[in-house]
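Chemist: work_16.txt (compact mmCIF, C-alpha atoms) pasted underneath:
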# COMPACT_ATOMS: atom_id res chain seq x y z
CA MET A 1 130.53 45.08 16.89
CA ASN A 2 132.52 42.21 18.40
CA ILE A 3 136.18 41.66 17.56
CA LEU A 4 137.98 38.34 17.10
CA ILE A 5 141.71 38.41 16.41
CA ILE A 6 143.30 35.13 15.36
CA ALA A 7 147.06 35.60 15.49
CA ILE A 8 149.13 32.76 14.05
CA ASP A 9 152.73 32.79 15.18
CA THR A 10 155.52 32.31 12.62
CA LEU A 11 153.14 32.27 9.65
CA ARG A 12 154.70 33.64 6.50
CA ALA A 13 152.41 34.87 3.77
CA GLN A 14 154.33 33.10 0.99
CA GLN A 15 153.30 29.73 2.43
CA MET A 16 149.55 30.37 2.22
CA SER A 17 147.41 29.40 -0.74
CA CYS A 18 145.41 32.65 -0.56
CA TYR A 19 148.74 34.48 -1.05
CA GLY A 20 149.61 32.45 -4.13
CA TYR A 21 151.35 29.37 -2.69
CA GLU A 22 150.92 26.34 -4.91
CA ARG A 23 150.03 24.00 -2.06
CA ARG A 24 146.56 24.31 -0.58
CA THR A 25 147.73 24.95 2.94
CA THR A 26 145.01 27.37 4.02
CA PRO A 27 141.56 26.48 2.62
CA ALA A 28 139.67 27.93 5.61
CA ILE A 29 141.69 31.14 5.57
CA ASP A 30 141.23 31.30 1.79
CA GLU A 31 137.48 31.28 2.34
CA LEU A 32 137.79 33.92 5.04
CA ALA A 33 139.75 36.10 2.60
CA SER A 34 137.08 35.60 -0.09
CA GLU A 35 134.53 36.95 2.38
CA GLY A 36 136.57 39.96 3.36
CA VAL A 37 139.69 42.00 2.61
CA LEU A 38 143.21 40.61 2.17
CA PHE A 39 146.27 42.86 2.40
CA GLU A 40 148.97 41.59 0.05
CA GLN A 41 151.90 43.54 1.51
CA MET A 42 151.59 43.63 5.30
CA ILE A 43 155.14 44.11 6.62
CA CYS A 44 155.99 43.47 10.26
CA SER A 45 157.95 46.19 12.00
CA ALA A 46 159.88 44.00 14.41
CA ILE A 47 161.24 40.48 14.78
CA PRO A 48 160.83 38.34 16.93
CA THR A 49 157.55 37.61 18.76
CA GLN A 50 157.51 39.90 21.79
CA PRO A 51 158.54 43.08 19.92
CA SER A 52 156.13 42.26 17.12
CA PHE A 53 153.11 41.71 19.37
CA THR A 54 154.01 44.81 21.37
CA THR A 55 153.81 46.72 18.09
CA ILE A 56 150.49 45.09 17.20
CA TYR A 57 149.00 45.97 20.60
CA THR A 58 150.27 49.55 20.74
CA GLY A 59 150.21 50.65 17.10
CA MET A 60 153.69 52.03 17.81
CA HIS A 61 156.94 51.44 15.97
CA PRO A 62 159.47 49.43 18.03
CA MET A 63 161.67 52.52 18.18
CA SER A 64 158.77 54.31 19.90
CA HIS A 65 157.75 51.62 22.39
CA GLY A 66 161.33 50.49 22.94
CA ILE A 67 160.85 46.70 22.93
CA VAL A 68 163.09 45.23 20.24
CA ALA A 69 164.14 41.87 21.75
CA ASN A 70 162.63 38.85 23.45
CA GLY A 71 163.59 38.70 27.10
CA GLY A 72 165.94 41.29 28.47
CA SER A 73 165.21 44.06 30.95
CA ALA A 74 163.45 46.57 28.69
CA VAL A 75 159.90 47.34 29.78
CA LEU A 76 157.00 49.05 28.09
CA PRO A 77 156.71 52.60 29.49
CA ARG A 78 153.83 53.21 31.88
CA GLY A 79 150.88 54.87 30.30
CA VAL A 80 151.33 53.45 26.81
CA PRO A 81 147.74 52.57 25.80
CA LEU A 82 147.19 49.00 24.61
CA LEU A 83 144.44 47.82 22.29
CA PRO A 84 142.67 45.61 24.90
CA GLU A 85 142.82 48.41 27.49
CA ILE A 86 141.21 50.85 25.09
CA LEU A 87 138.46 48.39 24.25
CA LEU A 88 137.84 47.41 27.88
CA LYS A 89 137.38 51.06 28.83
CA ALA A 90 135.03 51.49 25.86
CA GLY A 91 132.76 48.68 27.07
CA TRP A 92 134.03 45.51 25.42
CA THR A 93 134.38 42.30 27.44
CA THR A 94 137.99 41.37 26.78
CA CYS A 95 139.50 37.88 26.71
CA ALA A 96 142.84 36.45 25.56
CA VAL A 97 143.64 32.80 24.96
CA ASP A 98 147.36 33.23 24.91
CA ASN A 99 150.64 32.73 26.79
CA LEU A 100 152.63 35.89 26.06
CA ALA A 101 151.99 37.31 29.52
CA HIS A 102 154.25 34.72 31.14
CA SER A 103 157.17 36.56 29.52
CA LYS A 104 156.10 40.22 29.62
CA PRO A 105 153.47 41.66 31.99
CA TRP A 106 151.92 44.13 29.56
CA PHE A 107 150.47 41.32 27.44
CA HIS A 108 147.70 40.70 29.97
CA LYS A 109 146.87 44.37 30.56
CA GLY A 110 143.31 45.24 29.61
CA TYR A 111 142.03 41.67 29.67
CA GLU A 112 139.18 40.83 32.00
CA PHE A 113 139.86 37.17 31.21
CA TYR A 114 143.34 35.84 30.46
CA ILE A 115 143.42 32.10 29.72
CA ASP A 116 146.68 30.22 29.19
CA PRO A 117 146.25 26.55 28.20
CA SER A 118 150.00 26.28 27.61
CA LEU A 119 150.49 25.98 31.37
CA ARG A 120 149.59 22.32 30.85
CA ARG A 121 152.47 21.82 28.39
CA PRO A 122 156.14 21.26 29.25
CA LEU A 123 157.06 23.46 26.26
CA ARG A 124 154.68 26.40 26.15
CA LEU A 125 154.99 27.07 22.43
CA SER A 126 153.87 23.47 21.80
CA VAL A 127 150.31 24.34 22.84
CA THR A 128 148.02 23.37 19.96
CA CYS A 129 145.28 25.25 18.16
CA GLU A 130 142.81 22.62 19.39
CA GLN A 131 143.75 23.33 23.01
CA GLN A 132 143.49 27.09 22.41
CA ASN A 133 140.14 26.67 20.67
CA ARG A 134 138.69 24.63 23.51
CA ARG A 135 139.00 27.62 25.84
CA ALA A 136 138.10 30.19 23.19
CA VAL A 137 134.87 28.38 22.34
CA GLU A 138 133.97 28.21 26.04
CA PHE A 139 134.28 31.98 26.16
CA LEU A 140 132.17 32.43 23.02
CA ASN A 141 129.45 30.23 24.48
CA GLN A 142 129.43 32.09 27.80
CA CYS A 143 129.62 35.73 26.71
CA GLY A 144 125.97 35.82 25.63
CA SER A 145 124.91 39.25 24.42
CA GLU A 146 128.01 41.01 25.77
CA ARG A 147 130.09 42.86 23.21
CA PHE A 148 133.43 41.06 23.22
CA PHE A 149 137.04 41.34 22.13
CA LEU A 150 138.64 37.89 21.87
CA PHE A 151 142.33 37.42 21.07
CA VAL A 152 143.42 33.86 20.20
CA HIS A 153 147.10 33.09 19.64
CA TYR A 154 148.09 29.92 17.73
CA TRP A 155 151.69 28.66 17.83
CA ASP A 156 151.44 25.67 15.49
CA PRO A 157 153.74 26.80 12.61
CA HIS A 158 156.56 27.63 15.05
CA THR A 159 159.60 25.37 15.24
CA PRO A 160 159.70 22.39 15.79
CA TYR A 161 156.90 21.94 13.17
CA PHE A 162 155.32 18.99 14.92
CA PRO A 163 151.65 18.79 13.90
CA PRO A 164 149.52 15.70 14.53
CA LYS A 165 150.70 12.67 12.57
CA ARG A 166 148.11 12.92 9.81
CA TYR A 167 149.53 16.32 8.77
CA ARG A 168 153.22 15.41 8.71
CA THR A 169 153.30 13.91 5.22
CA MET A 170 150.24 15.67 3.79
CA PHE A 171 152.49 17.72 1.49
CA TYR A 172 155.45 15.36 1.13
CA GLU A 173 155.78 13.26 -2.02
CA GLY A 174 158.39 10.87 -0.63
CA ASP A 175 158.40 8.49 2.32
CA GLU A 176 160.48 8.22 5.48
CA ALA A 177 163.22 6.41 3.61
CA THR A 178 163.41 9.32 1.18
CA ALA A 179 163.36 11.81 4.04
CA THR A 180 166.38 10.12 5.67
CA ASP A 181 168.35 9.12 2.55
CA PRO A 182 172.03 9.27 3.66
CA GLN A 183 173.08 10.13 0.12
CA ASN A 184 171.17 13.42 0.24
CA GLU A 185 173.55 16.15 1.42
CA ALA A 186 171.22 19.13 0.92
CA LEU A 187 171.09 19.84 4.65
CA GLU A 188 174.82 19.73 5.23
CA PRO A 189 175.03 23.55 5.57
CA LEU A 190 172.53 23.28 8.42
CA TRP A 191 174.45 20.54 10.21
CA ARG A 192 177.60 22.64 10.08
CA HIS A 193 175.81 25.55 11.75
CA PRO A 194 175.73 25.65 15.58
CA LEU A 195 171.94 25.80 15.59
CA GLY A 196 171.79 22.83 13.24
CA GLN A 197 173.99 20.82 15.54
CA ARG A 198 171.48 21.39 18.32
CA TRP A 199 168.45 20.63 16.15
CA ARG A 200 170.01 17.49 14.68
CA ASP A 201 170.01 15.91 18.13
CA THR A 202 166.48 16.95 19.05
CA TRP A 203 163.66 17.26 16.55
CA LEU A 204 165.13 16.66 13.07
CA LYS A 205 165.05 12.89 13.44
CA LEU A 206 162.85 9.98 12.44
CA PRO A 207 163.02 6.34 13.61
CA GLU A 208 164.84 5.56 10.35
CA GLY A 209 167.55 8.13 11.07
CA ARG A 210 168.47 11.77 10.71
CA ILE A 211 166.40 13.80 8.27
CA THR A 212 168.38 14.69 5.16
CA ASP A 213 165.70 16.03 2.80
CA PRO A 214 164.83 19.72 3.25
CA GLU A 215 161.58 19.13 1.37
CA TYR A 216 160.42 16.89 4.19
CA ILE A 217 160.94 19.70 6.72
CA ARG A 218 159.24 22.21 4.42
CA ALA A 219 156.32 19.79 4.24
CA LEU A 220 156.28 19.62 8.05
CA TYR A 221 155.99 23.42 8.15
CA ASP A 222 153.22 23.31 5.54
CA GLY A 223 151.45 20.59 7.50
CA SER A 224 151.68 22.75 10.63
CA VAL A 225 150.15 25.65 8.69
CA ARG A 226 147.34 23.36 7.49
CA TYR A 227 146.75 22.19 11.08
CA ALA A 228 146.46 25.81 12.21
CA ASP A 229 144.10 26.46 9.29
CA ASP A 230 141.87 23.62 10.47
CA GLY A 231 141.92 25.31 13.86
CA VAL A 232 140.77 28.54 12.22
CA ASN A 233 137.96 26.63 10.52
CA ALA A 234 136.82 25.12 13.84
CA LEU A 235 136.92 28.47 15.63
CA LEU A 236 135.01 30.28 12.89
CA SER A 237 132.45 27.46 12.86
CA ALA A 238 131.98 27.95 16.61
CA LEU A 239 131.56 31.68 16.01
CA ASP A 240 128.87 30.88 13.43
CA ALA A 241 127.15 28.49 15.86
CA SER A 242 127.13 31.17 18.55
CA GLY A 243 125.08 33.44 16.30
CA GLN A 244 127.68 36.20 16.57
CA ALA A 245 129.43 35.95 13.20
CA GLU A 246 127.35 38.61 11.45
CA ASN A 247 128.24 41.11 14.16
CA THR A 248 131.95 40.29 14.50
CA LEU A 249 135.02 41.81 12.94
CA VAL A 250 137.40 38.91 12.33
CA VAL A 251 141.09 39.77 12.00
CA LEU A 252 143.56 37.09 10.96
CA MET A 253 147.23 38.00 11.08
CA GLY A 254 150.78 36.84 11.74
CA ASP A 255 153.47 38.36 13.93
CA HIS A 256 156.40 37.41 11.67
CA GLY A 257 157.27 34.77 9.11
CA GLU A 258 159.93 32.09 8.82
CA CYS A 259 162.95 31.21 6.72
CA LEU A 260 163.02 27.66 5.39
CA GLY A 261 166.58 27.68 4.09
CA GLU A 262 166.48 31.00 2.26
CA HIS A 263 169.40 33.37 2.94
CA GLY A 264 171.22 30.59 4.76
CA VAL A 265 168.69 30.61 7.59
CA TRP A 266 167.21 27.21 8.33
CA TYR A 267 163.85 26.88 10.05
CA ASP A 268 163.79 30.02 12.12
CA HIS A 269 162.86 33.71 11.91
CA HIS A 270 166.29 35.29 11.70
CA GLY A 271 166.94 37.90 9.04
CA LEU A 272 165.17 41.02 7.84
CA PHE A 273 163.94 39.58 4.55
CA ASP A 274 160.37 39.27 3.30
CA GLU A 275 160.22 35.57 4.21
CA ASN A 276 160.22 36.85 7.79
CA MET A 277 158.69 40.29 7.36
CA ARG A 278 155.70 39.74 5.05
CA VAL A 279 152.78 38.38 7.04
CA PRO A 280 149.07 37.77 6.45
CA PHE A 281 146.49 40.40 7.35
CA ILE A 282 142.85 39.66 6.56
CA LEU A 283 139.70 41.45 7.75
CA ARG A 284 136.09 40.26 7.58
CA ALA A 285 133.09 42.20 8.84
CA PRO A 286 129.81 41.16 7.17
CA GLY A 287 127.75 44.13 6.10
CA GLN A 288 130.51 46.58 6.92
CA LEU A 289 133.50 45.56 4.79
CA PRO A 290 133.29 44.38 1.17
CA SER A 291 134.14 40.80 0.23
CA GLY A 292 136.78 39.46 -2.12
CA VAL A 293 138.94 42.61 -2.02
CA ARG A 294 142.74 42.48 -2.22
CA ILE A 295 144.82 45.53 -1.30
CA ASN A 296 148.32 45.73 -2.76
CA SER A 297 149.51 48.84 -0.93
CA ALA A 298 152.50 48.42 1.38
CA VAL A 299 151.18 48.53 4.95
CA GLN A 300 152.72 47.79 8.34
CA THR A 301 151.82 45.99 11.55
CA ILE A 302 151.81 49.39 13.28
CA ASP A 303 148.58 49.94 11.31
CA ALA A 304 146.72 46.98 12.84
CA ALA A 305 145.50 48.60 16.07
CA PRO A 306 144.41 51.91 14.46
CA THR A 307 142.50 49.96 11.81
CA ILE A 308 140.69 47.76 14.34
CA LEU A 309 139.72 50.75 16.48
CA ASP A 310 138.54 52.70 13.45
CA ALA A 311 136.44 49.75 12.28
CA VAL A 312 134.48 49.73 15.55
CA GLY A 313 134.08 53.50 15.73
CA ILE A 314 136.87 54.41 18.17
CA GLU A 315 139.33 57.18 17.38
CA PRO A 316 142.86 55.70 17.18
CA HIS A 317 145.00 56.90 20.09
CA SER A 318 147.33 59.82 19.42
CA SER A 319 150.32 57.76 20.59
CA MET A 320 149.94 55.36 17.67
CA ASP A 321 152.43 55.66 14.83
CA GLY A 322 150.24 53.63 12.48
CA GLN A 323 147.28 54.68 10.37
CA SER A 324 143.84 53.21 9.80
CA LEU A 325 143.76 51.14 6.62
CA LEU A 326 140.03 51.47 6.01
CA SER A 327 140.45 54.23 3.43
CA THR A 328 142.52 51.84 1.27
CA ILE A 329 139.40 49.66 1.07
CA ASP A 330 136.80 52.41 0.65
CA PRO A 331 137.17 56.06 1.75
CA SER A 332 133.53 56.08 2.86
CA LEU A 333 134.31 53.55 5.60
CA THR A 334 136.21 56.02 7.77
CA GLN A 335 136.38 59.59 9.00
CA GLN A 336 140.16 59.26 9.35
CA PRO A 337 142.55 60.93 6.90
CA PRO A 338 143.34 58.95 3.74
CA TYR A 339 146.01 56.31 4.25
CA GLU A 340 149.43 57.49 3.13
CA GLU A 341 151.38 54.54 1.77
CA PRO A 342 154.89 54.70 3.25
CA GLU A 343 157.75 55.34 0.85
CA ARG A 344 159.91 53.21 3.11
CA VAL A 345 159.58 50.67 5.90
CA ILE A 346 162.13 50.63 8.71
CA ALA A 347 162.20 47.53 10.90
CA SER A 348 164.42 45.98 13.54
CA GLU A 349 165.56 42.55 14.63
CA CYS A 350 167.11 41.29 17.85
CA THR A 351 167.27 37.50 17.74
CA TRP A 352 170.58 35.84 16.99
CA GLN A 353 171.16 39.01 15.00
CA ALA A 354 170.97 42.72 15.89
CA LYS A 355 170.02 44.63 12.77
CA TRP A 356 167.97 47.37 11.15
CA THR A 357 166.53 47.33 7.66
CA LEU A 358 165.42 50.10 5.34
CA ARG A 359 162.99 48.58 2.83
CA LYS A 360 161.95 50.55 -0.24
CA PRO A 361 160.06 49.45 -3.35
CA ASP A 362 163.31 49.19 -5.33
CA ALA A 363 165.92 48.27 -2.71
CA ARG A 364 166.62 46.93 0.74
CA LEU A 365 169.49 47.87 3.04
CA ILE A 366 170.31 45.72 6.07
CA LEU A 367 172.67 47.21 8.63
CA ALA A 368 174.17 45.12 11.43
CA ARG A 369 174.87 46.44 14.93
CA SER A 370 176.93 43.42 15.94
CA ILE A 371 178.51 40.29 14.55
CA ASP A 372 175.73 37.83 13.82
CA PHE A 373 175.31 34.11 14.22
CA TYR A 374 175.51 33.51 10.46
CA GLY A 375 178.68 35.39 9.58
CA SER A 376 176.74 37.85 7.42
CA PRO A 377 178.43 41.05 6.21
CA PRO A 378 177.81 44.16 8.32
CA ARG A 379 176.07 45.90 5.42
CA GLU A 380 173.84 44.33 2.78
CA LEU A 381 172.12 45.94 -0.19
CA TYR A 382 169.62 44.18 -2.45
CA ASP A 383 167.96 45.36 -5.65
CA ARG A 384 164.32 44.39 -5.14
CA ILE A 385 163.41 45.03 -8.79
CA HIS A 386 166.05 42.90 -10.50
CA ASP A 387 166.59 40.51 -7.61
CA PRO A 388 163.15 40.12 -5.98
CA LYS A 389 164.26 37.12 -3.89
CA GLU A 390 167.11 39.23 -2.49
CA THR A 391 169.84 36.68 -3.03
CA ARG A 392 172.69 38.91 -4.23
CA ASN A 393 174.30 41.46 -1.93
CA ILE A 394 175.43 44.41 -4.10
CA ALA A 395 176.67 46.72 -1.32
CA ASP A 396 180.27 46.48 -2.52
CA GLU A 397 179.28 46.83 -6.18
CA GLN A 398 177.14 49.92 -5.62
CA PRO A 399 178.76 51.68 -2.66
CA GLU A 400 177.24 55.09 -3.39
CA ARG A 401 173.74 53.66 -3.39
CA ALA A 402 174.48 51.74 -0.19
CA ASP A 403 176.02 54.84 1.40
CA ALA A 404 172.96 56.93 0.59
CA MET A 405 170.57 54.40 2.11
CA GLU A 406 172.80 53.92 5.15
CA THR A 407 172.86 57.67 5.71
CA GLU A 408 169.08 57.83 5.43
CA LEU A 409 168.65 54.99 7.91
CA GLU A 410 171.21 56.30 10.40
CA GLU A 411 169.73 59.80 10.28
CA TRP A 412 166.28 58.39 11.02
CA ILE A 413 167.61 56.32 13.94
CA ALA A 414 169.50 59.30 15.36
CA SER A 415 166.52 61.61 14.94
CA GLU A 416 164.09 59.18 16.58
CA THR A 417 166.50 58.38 19.40
CA ALA A 418 166.80 62.10 20.17
CA ARG A 419 163.07 62.76 19.83
CA LEU A 420 162.24 60.01 22.27
CA GLY A 421 164.87 61.06 24.77
CA ARG A 422 166.82 57.83 24.46
CA LYS A 423 170.54 57.67 25.04
CA ILE A 424 171.26 54.88 22.58
CA ASP A 425 169.80 52.94 19.67
CA PRO A 426 167.68 50.23 21.38
CA VAL A 427 168.96 47.53 19.01
CA ILE A 428 172.48 48.22 20.25
CA GLU A 429 171.30 48.51 23.83
CA GLN A 430 169.28 45.29 23.88
CA GLY A 431 171.28 43.21 21.42
CA ARG A 432 174.91 43.91 22.24
CA GLN A 433 175.26 41.99 25.50
CA LYS A 434 173.75 38.80 24.14
CA PHE A 435 176.15 38.76 21.23
CA ALA A 436 179.15 39.72 23.37
CA GLU A 437 178.49 36.74 25.61
CA ARG A 438 177.75 34.42 22.70
CA TRP A 439 180.86 35.22 20.71
CA ARG A 440 183.54 36.02 23.31
Could you render the structure as structure tokens?
Modeler:
Amino acid sequence: MNILIIAIDTLRAQQMSCYGYERRTTPAIDELASEGVLFEQMICSAIPTQPSFTTIYTGMHPMSHGIVANGGSAVLPRGVPLLPEILLKAGWTTCAVDNLAHSKPWFHKGYEFYIDPSLRRPLRLSVTCEQQNRRAVEFLNQCGSERFFLFVHYWDPHTPYFPPKRYRTMFYEGDEATATDPQNEALEPLWRHPLGQRWRDTWLKLPEGRITDPEYIRALYDGSVRYADDGVNALLSALDASGQAENTLVVLMGDHGECLGEHGVWYDHHGLFDENMRVPFILRAPGQLPSGVRINSAVQTIDAAPTILDAVGIEPHSSMDGQSLLSTIDPSLTQQPPYEEPERVIASECTWQAKWTLRKPDARLILARSIDFYGSPPRELYDRIHDPKETRNIADEQPERADAMETELEEWIASETARLGRKIDPVIEQGRQKFAERWR
């Protein structure tokens, strides 16, 4: 069986119509989900992009593989098996249409063909789904009868949300005068923030003036999602035309989400909340997986690689922390042990913040390792039952509950750090210097 992974950067599940969003932002992905299996609660283990994709490729928790920040000097240990390497050795022709390898060398390991259309762009993350598809379709048309693994990485929903013109007002009810109304002060918190001061002078402008309506920017994000969805439609149509669709496992997923003003975070993926952590994960394999199935179990991005390998008959590597998800769909699909839904999810972030989170069905604890760019408290506790949007920090009101969760999290970090032979928590190691320089 062939494998096609379509990874859409910065795509949060809440903004997709197949995940319940009121705007029809993802009609092609909706159809894909109706033909396969949609996981409702896929939680990413690391923010931002490089740690998250390292997790997706290795099936390892960021504590295990050690990459928790973009940039920096941390490297993936030699010998860590990567999904494309495993598939190449097993006989798949491997190809990536991507640009992650320009930042970290392990992202091209295992690929016979590595194609980077973003080299033609002054800003690499501004490469479009149409440009990515052009090269991906060329590969599909040339691979003939070879069994292939194709990884295609779209960036379209990433800041600065600049889709082609026809998408920019697709979901906006006002006009440019409304978008720049000087009487609207809803974005004033953003303009007072250092990041907002930078964005105000770059992309948050129209010919009529500075954008003042947050709904216009939300509509830009939604339009970018719709543009990426049209890219998905074109790529899947090309797969159909190639005659390979019936023998291809299609995986659609995100690396992390985005905050659109929630939690005081404007138009970026900072913060260990579900707006950033809950991402799409959809599988389609005609004749092998059922159609129209939705799985509500909590699963993690560490499970992606084991699941893909299991689906094509390869034993997941022993280094992988994740589990195959096939048994959650139908136990007869796999010889692997039944999936054990985690009682907790532990995830890290090193962006403008250096934090860990302990996420349980009833509560979330967020623990900071350094002062952050938003002036957030060092410890946050949210009741996910009574406050599902996680807007009210109750750490000071319920200190015993917060203490218990902090102890649980710190004991796990200490235990894993010792088990792996590390000298220090990698979030402290990789996040501290950036913040020290930023805030001194």
Chemist: Please provide as a list in words all residues within 10 Å of Glu130 (chain A), with the sequence filter that same-chain residues fewer than 4 positions apart are discarded (counting only C-alpha atoms).
Modeler: Arg134, Arg135, Ala136, Tyr154, Asp156, Tyr227, Ala228, Asp230, Gly231, Val232, Ala234 and Leu235 of chain A
Chemist: Quick one: contact table of region 45-163 of chain A to region 246-269 of chain A, 7 Å max, nearest atom pair and distance in Å to one decimal per residue, counting all atoms listed in the file, chain and number order, as a tab-separated table?
Modeler:
residue	atom	partner	partner_atom	distance
A:Ile47	CA	A:His256	CA	6.5
A:Pro48	CA	A:His256	CA	6.9
A:Thr49	CA	A:Asp255	CA	6.4
A:Ser52	CA	A:Asp255	CA	5.7
A:Phe53	CA	A:Asp255	CA	6.4
A:Thr159	CA	A:Tyr267	CA	6.9
Chemist: Output C-alpha atoms for every residue in the selection just made, as a PDB file, in the frame of the given file.
Modeler:
ATOM      1  CA  ILE A  47     161.240  40.480  14.780  1.00  0.00           C
ATOM      2  CA  PRO A  48     160.830  38.340  16.930  1.00  0.00           C
ATOM      3  CA  THR A  49     157.550  37.610  18.760  1.00  0.00           C
ATOM      4  CA  SER A  52     156.130  42.260  17.120  1.00  0.00           C
ATOM      5  CA  PHE A  53     153.110  41.710  19.370  1.00  0.00           C
ATOM      6  CA  THR A 159     159.600  25.370  15.240  1.00  0.00           C
TER       7      THR A 159
END
Chemist: How many Å separate CA of Asp213 (chain A) from CA of Asp181 (chain A)?
Modeler: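 Atom-to-atom, CA of Asp213 (chain A) to CA of Asp181 (chain A), that is 7.4 Å.
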Chemist: Which is closest to Ala90 (chain A) among A:Pro280, A:Gly66, A:Gly313, A:Pro27, if we use all atoms listed in the file?
Modeler: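 When distances to Ala90 (chain A) are compared using all atoms listed in the file, the smallest one comes from A:Gly313.
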Chemist: With a distance cut-off of 10 Å and all atoms listed in the file, select the neighbouring residues of Trp106 (chain A), excluding the residue or stretch itself and same-chain residues fewer than 4 positions from it, and output the selection as a ChimeraX atom specification.
Modeler: /A:54,57,75-78,80,82,100-102,110
Chemist: Check which residues of region 320-424 of chain A sit at most 12 Å from region 32-37 of chain A using all atoms listed in the file, and return one row each with the closest pair of atoms and their distance in Å to one decimal, ordered by chain and rising number, as CSV.
Modeler:
residue,atom,partner,partner_atom,distance
A:Leu325,CA,A:Val37,CA,10.8
A:Leu326,CA,A:Val37,CA,10.1
A:Thr328,CA,A:Val37,CA,10.3
A:Ile329,CA,A:Val37,CA,7.8
A:Asp330,CA,A:Val37,CA,11.0
Chemist: How would you write as a PyMOL selection string the residues that get within 12 Å of (178.5, 39.0, 7.6) in the file's frame, counting all atoms listed in the file?
Modeler: chain A and resi 263-264+271+353-355+366-380+393+395
Chemist: Mind writing the picked residues with C-alpha atoms as a compact mmCIF listing (two decimals), keeping the file's coordinate frame?
Modeler:
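Below you can see again08.txt, which holds the result:
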# COMPACT_ATOMS: atom_id res chain seq x y z
CA HIS A 263 169.40 33.37 2.94
CA GLY A 264 171.22 30.59 4.76
CA GLY A 271 166.94 37.90 9.04
CA GLN A 353 171.16 39.01 15.00
CA ALA A 354 170.97 42.72 15.89
CA LYS A 355 170.02 44.63 12.77
CA ILE A 366 170.31 45.72 6.07
CA LEU A 367 172.67 47.21 8.63
CA ALA A 368 174.17 45.12 11.43
CA ARG A 369 174.87 46.44 14.93
CA SER A 370 176.93 43.42 15.94
CA ILE A 371 178.51 40.29 14.55
CA ASP A 372 175.73 37.83 13.82
CA PHE A 373 175.31 34.11 14.22
CA TYR A 374 175.51 33.51 10.46
CA GLY A 375 178.68 35.39 9.58
CA SER A 376 176.74 37.85 7.42
CA PRO A 377 178.43 41.05 6.21
CA PRO A 378 177.81 44.16 8.32
CA ARG A 379 176.07 45.90 5.42
CA GLU A 380 173.84 44.33 2.78
CA ASN A 393 174.30 41.46 -1.93
CA ALA A 395 176.67 46.72 -1.32
Chemist: Quick one: of A:Glu188, A:Glu146, A:Glu31, A:Glu85, who's nearest to Leu283 (chain A), counting only C-alpha atoms?
Modeler: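 Ranking A:Glu188, A:Glu146, A:Glu31, A:Glu85 by distance to Leu283 (chain A), first place goes to A:Glu31.
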Chemist: Check the smallest atom-to-atom distance from each of A:Thr391, A:Thr58, A:Glu341, A:Pro189 to Asp321 (chain A) using only C-alpha atoms, then report the winner.
Modeler: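 Counting only C-alpha atoms, the residue closest to Asp321 (chain A) is A:Thr58.
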Chemist: Can you pull out the residues contacting Thr301 (chain A)? Cut-off 8 Å, using all atoms listed in the file, and skip same-chain residues under 5 positions away; I want them as a list in words.
Modeler: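 So, after excluding close chain neighbours, the residues are Met42, Ile43, Cys44, Ser45, Ser52, Thr55, Ile56, Gly59 and Gly322 of chain A.
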Chemist: What does the distance from CA of Thr26 (chain A) to CA of Arg226 (chain A) come to in Å, to one decimal?
Modeler: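 So the answer is 5.8 Å.
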Chemist: Suppose you want the space between CA of Arg24 (chain A) and CA of Tyr172 (chain A); what is it in Å?
Modeler: 12.7 Å
Chemist: In terms of the shortest atom-to-atom distance over all atoms listed in the file, which of A:Thr94, A:Gln288, A:Gln197, A:Thr212 is closest to Thr180 (chain A)?
Modeler: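 Ranked by minimum distance to Thr180 (chain A), first place goes to A:Thr212.
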Chemist: Find, counting only C-alpha atoms, the residue in A:Ile308, A:Leu289, A:Leu358, A:Ala186 that gets nearest to Ser332 (chain A).
Modeler: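 Checking each candidate against Ser332 (chain A), we get A:Leu289 as the closest.
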Chemist: I'd like the neighbourhood of Thr307 (chain A) as a PyMOL selection string, where a residue qualifies if any of its atoms comes within 8 Å (using all atoms listed in the file), though same-chain residues fewer than 4 positions away should be ignored.
Modeler: chain A and resi 303+311+316+323-326
Chemist: For Met405 (chain A), which residue among A:Trp356, A:Phe151, A:Tyr221, A:Phe171 is the nearest when counting all atoms listed in the file?
Modeler: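 Ranked by minimum distance to Met405 (chain A), first place goes to A:Trp356.
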Chemist: Give as an MDAnalysis selection string every residue, naming chains and numbers as the document does, that has an atom within 7 Å of (134.0, 44.2, 17.3), counting only C-alpha atoms.
Modeler: chainID A and resid 1:3 148:149 248:249 312
Chemist: So for region 100-105 of chain A, what box centre and size do we get, axis-aligned, 3 Å extra on each of the six sides, every listed atom, Å to one decimal, as lines of an AutoDock Vina configuration file?
Modeler:
center_x = 154.6
center_y = 38.2
center_z = 29.0
size_x = 11.2
size_y = 12.9
size_z = 11.9
Chemist: Can you tell me which residues surround Met170 (chain A) at a distance of at most 8 Å, considering only C-alpha atoms, apart from same-chain residues fewer than 4 positions away, and format the answer as a list in words?
Modeler: Arg166, Ala219 and Gly223 of chain A
